[in-house]
Structure formats: C-alpha cells, structure tokens
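Structure, as structure tokens:
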Amino acid sequence: MAVTEISAEQLLGDVQELQARLDEHEGPARDIAEALVAAVVSLYGAGLERIADALGPDMRRVAEDPLISTLLLIHDLHPVPLSERVGEALDSVRPYMESHGGGVELVSLADGVATISLRGSCSDCAASSATLELAVKQALEELAPDLEGLEVRDMAPQMPGLSLPMADPGAGAGSGELPIVMSAPAAAPRWVELDSPSPPKGALGTVEVAGQPLLMANVDGTLLAYRDVCAGCGSPLHDGALNEGALTCPTCSRSFFLPAAGRSMDADRAQLEPVPLLHDGDRVKVALSGAG
C-alpha cells in the first residue's frame, strides 16, 4: 500500500505502537534508538520549516491535509493561528448547538487555554448537555489539537464546571483525545462517519448506525439527525412530511419542529430524541451511545 493511501490516524497509531514497544526496553540500544528518532524528527522539522518559508501564504492550503497539519503542529509551524482554528471549530458546531436552543462563544484564549461559554439551556431537552459538549470536543480535537486546555462556563445546571486538558501535539497531534467529564450513560457516545449521501434541502433521509435507524433532515441547508421513532406513538418517522422544519408523523399526525430540538408542536409537548451531528464539507458524523 502506498503511503499516500494510509490515513494520518493510522500512521500516528503505528508511531505510538512502536514508541510503546520501545519503552518496554532498557539499555544502550534504547538510548541509541531514541537518539535516532530525535534526530530524524529534527531533520524533518528543519525541512518543513524551509518548505513553509518557500511556500509563504500558500502553506495554508497545504496545511489543509490532516497528515501535513499534524506534522506542522508537532514542529510548531502551522500557518493558521490557534485562535483562528479554535474559531473555525466553534463555527462548525454552532448549527447543531442552535438546533437545540443553545450556542457557544469563545470568551478568551490565553496561554493555550480556551475559555468558552455555552449559552441557552437544554435541561428540558432529550439530548443531554453531555452530547453538546461532545460536539464541541470533537471539533476542537480535529482543528486545534494543540490547544493545551479547555474551560467551559455558563452551562446548564446539570453540567458541572470543567477544566479539560487537551492532547499534547508533541506526542502526536490530533491522535489524543480531550478528556471530558460526562453525566452520560456508561457506554459513552462515539462518533461515526456516514458513507451515505445527505438528503437535499427540505428532504428526509434514513441511515443505520450500529443497528440503530436514524432520521436525517435537511432544513434550509442545515443537517439534523434524530432517532427514527415518533415520541408520540413510537412509529418510524421517515415517511412523514417535512414542511419548513416541521415534521408530521405519518401514523399519529403529531408535528415536531426539528430546528427546536424536535419539540412537539401539539399540546402534549412530546419531543424527539436528537442525535449529535457534525457537518464539515462532504463529511457527516453522528454520535451514538455504544456505536462501534
């Protein structure tokens, strides 16, 4: 297999596995191996610095490649400032946050620590606050893995204050995970990238993830995901009618407003179960508890 066909995650995983195997040994051979690795890393760093100087502003386009971005972060050569990448990450999750009646803002970024504010309340929402945090966490890990810490403010009552360490870019930027305290079920949600096409504007679609049927909806260009189960009668919703964000169950005729976290438009105030979704270009990811 050509190197270009191997994902950045796989390459980083191989490096980490070899490092772990090296750590199991002691003696002169290990010292020589570590010195060799350090020399090779320094060599690549010096070469990347010259490439960055030669490309100038064009380096931003090159850095869009995940593998190259990781190497640039390791050597502190990424052309896009951390503040800009943090802003892009938060922008990518705002549609999902707003679909649950909330929002996220960057309060400050100092000494590598980002302080964000989660606005609104989802205390009456079927989607727990933990899944909203998960969306923010995922976006920051992808675009700003060199962030050293994350502090979350102004959360709903069920969301305790957090101080969260980010991954160490020197240990393989983008490969670590941002630990987070969650009041979620024992099976923590896991992100899964979808390989099926997204529905066009104003249309519905279905997808199955880990054996769980999901309803996809495109409301004015914003993708939303819900469990394909009516909160009123328990029947599937994928054959329902979608009109300007309002979804009508084909079985019981209840209406749910999808941009407001799937709340019922009828007197019973029933609510669908939203599923966290991230949409970045052609890539769409959803998070489900227990998804493999």
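Ordered as shown in the structure tokens, chains take letters A, B, and onward, while each chain numbers its residues from 1 and ligands are numbered from 1 in the order shown.
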- Can you tell me, as a ChimeraX atom specification, what residues are no more than 10 Å from A:Leu140 when counting only C-alpha atoms, ignoring any on the same chain fewer than 6 positions away? /A:85-90,92-93,134,146-147,150,166,174,178
Based on the selection just made, write N, CA and C atoms of those residues as a tab-separated table (two decimals), in the first residue's frame.
chain	number	residue	atom	x	y	z
A	85	ARG	N	-8.10	28.76	14.28
A	85	ARG	CA	-8.56	27.38	14.20
A	85	ARG	C	-9.59	27.06	15.27
A	86	VAL	N	-9.43	27.64	16.46
A	86	VAL	CA	-10.45	27.47	17.51
A	86	VAL	C	-11.76	28.09	17.05
A	87	GLY	N	-11.69	29.28	16.43
A	87	GLY	CA	-12.90	29.92	15.93
A	87	GLY	C	-13.59	29.09	14.87
A	88	GLU	N	-12.81	28.49	13.97
A	88	GLU	CA	-13.39	27.64	12.92
A	88	GLU	C	-14.07	26.41	13.53
A	89	ALA	N	-13.46	25.86	14.56
A	89	ALA	CA	-14.04	24.69	15.22
A	89	ALA	C	-15.39	25.02	15.84
A	90	LEU	N	-15.47	26.16	16.52
A	90	LEU	CA	-16.73	26.55	17.16
A	90	LEU	C	-17.78	26.90	16.12
A	92	SER	N	-18.13	25.49	13.32
A	92	SER	CA	-18.62	24.24	12.71
A	92	SER	C	-19.71	23.57	13.53
A	93	VAL	N	-19.75	23.85	14.86
A	93	VAL	CA	-20.76	23.19	15.70
A	93	VAL	C	-21.94	24.10	16.03
A	134	LEU	N	-19.83	17.06	23.71
A	134	LEU	CA	-19.13	16.11	22.84
A	134	LEU	C	-18.92	16.72	21.46
A	146	ASP	N	-3.59	21.17	19.30
A	146	ASP	CA	-2.50	21.72	20.09
A	146	ASP	C	-3.01	22.63	21.21
A	147	LEU	N	-4.32	22.76	21.34
A	147	LEU	CA	-4.88	23.51	22.46
A	147	LEU	C	-4.51	22.78	23.75
A	150	LEU	N	-9.12	23.46	28.04
A	150	LEU	CA	-10.45	23.98	27.72
A	150	LEU	C	-11.23	24.19	29.00
A	166	MET	N	-6.05	19.31	26.94
A	166	MET	CA	-6.08	18.89	25.54
A	166	MET	C	-4.92	17.93	25.28
A	174	GLY	N	-3.42	15.51	17.33
A	174	GLY	CA	-4.62	15.01	16.69
A	174	GLY	C	-4.90	13.56	17.00
A	178	LEU	N	-9.54	14.53	24.01
A	178	LEU	CA	-9.76	15.53	25.03
A	178	LEU	C	-10.65	14.93	26.12
- Message: Can you pull out the residues contacting A:Glu244? Cut-off 8 Å, using only C-alpha atoms, and skip same-chain residues under 3 positions away; I want them as a PyMOL selection string.
- Response: chain A and resi 202+219-220
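The shortest atom-to-atom distance to A:Cys230, with only C-alpha atoms taken into account, belongs to A:Ala270 out of A:Ala135, A:Leu118, A:Ala270, A:Leu288.
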- Query: If you count only C-alpha atoms, which residues fall within 12 Å of A:Val41, apart from same-chain ones fewer than 2 positions away, as an MDAnalysis selection string?
  - Reply: chainID A and resid 34:39 43:48 71:72 74:75 170:172
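With only C-alpha atoms as the atoms that count, the residue of A:Leu223, A:Leu11, A:Met59, A:Leu82 with the shortest distance to A:Arg283 is A:Leu223.
Take atom CA of A:Lys201 and atom CA of A:Ala261: the distance between them is 18.1 Å.
Using only C-alpha atoms for every distance, the candidate list A:Leu272, A:Val209, A:Ile32, A:Ala260 yields A:Leu272 as the residue closest to A:Gly234.
Among the candidate residues A:Thr222, A:Ser264, A:Thr70, A:Thr248, the one lying nearest to A:Glu142 is A:Thr70, with distances computed using only C-alpha atoms.
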- Gap from atom CA of A:Ala54 to atom CA of A:Leu67 - Å, one decimal: 19.4 Å
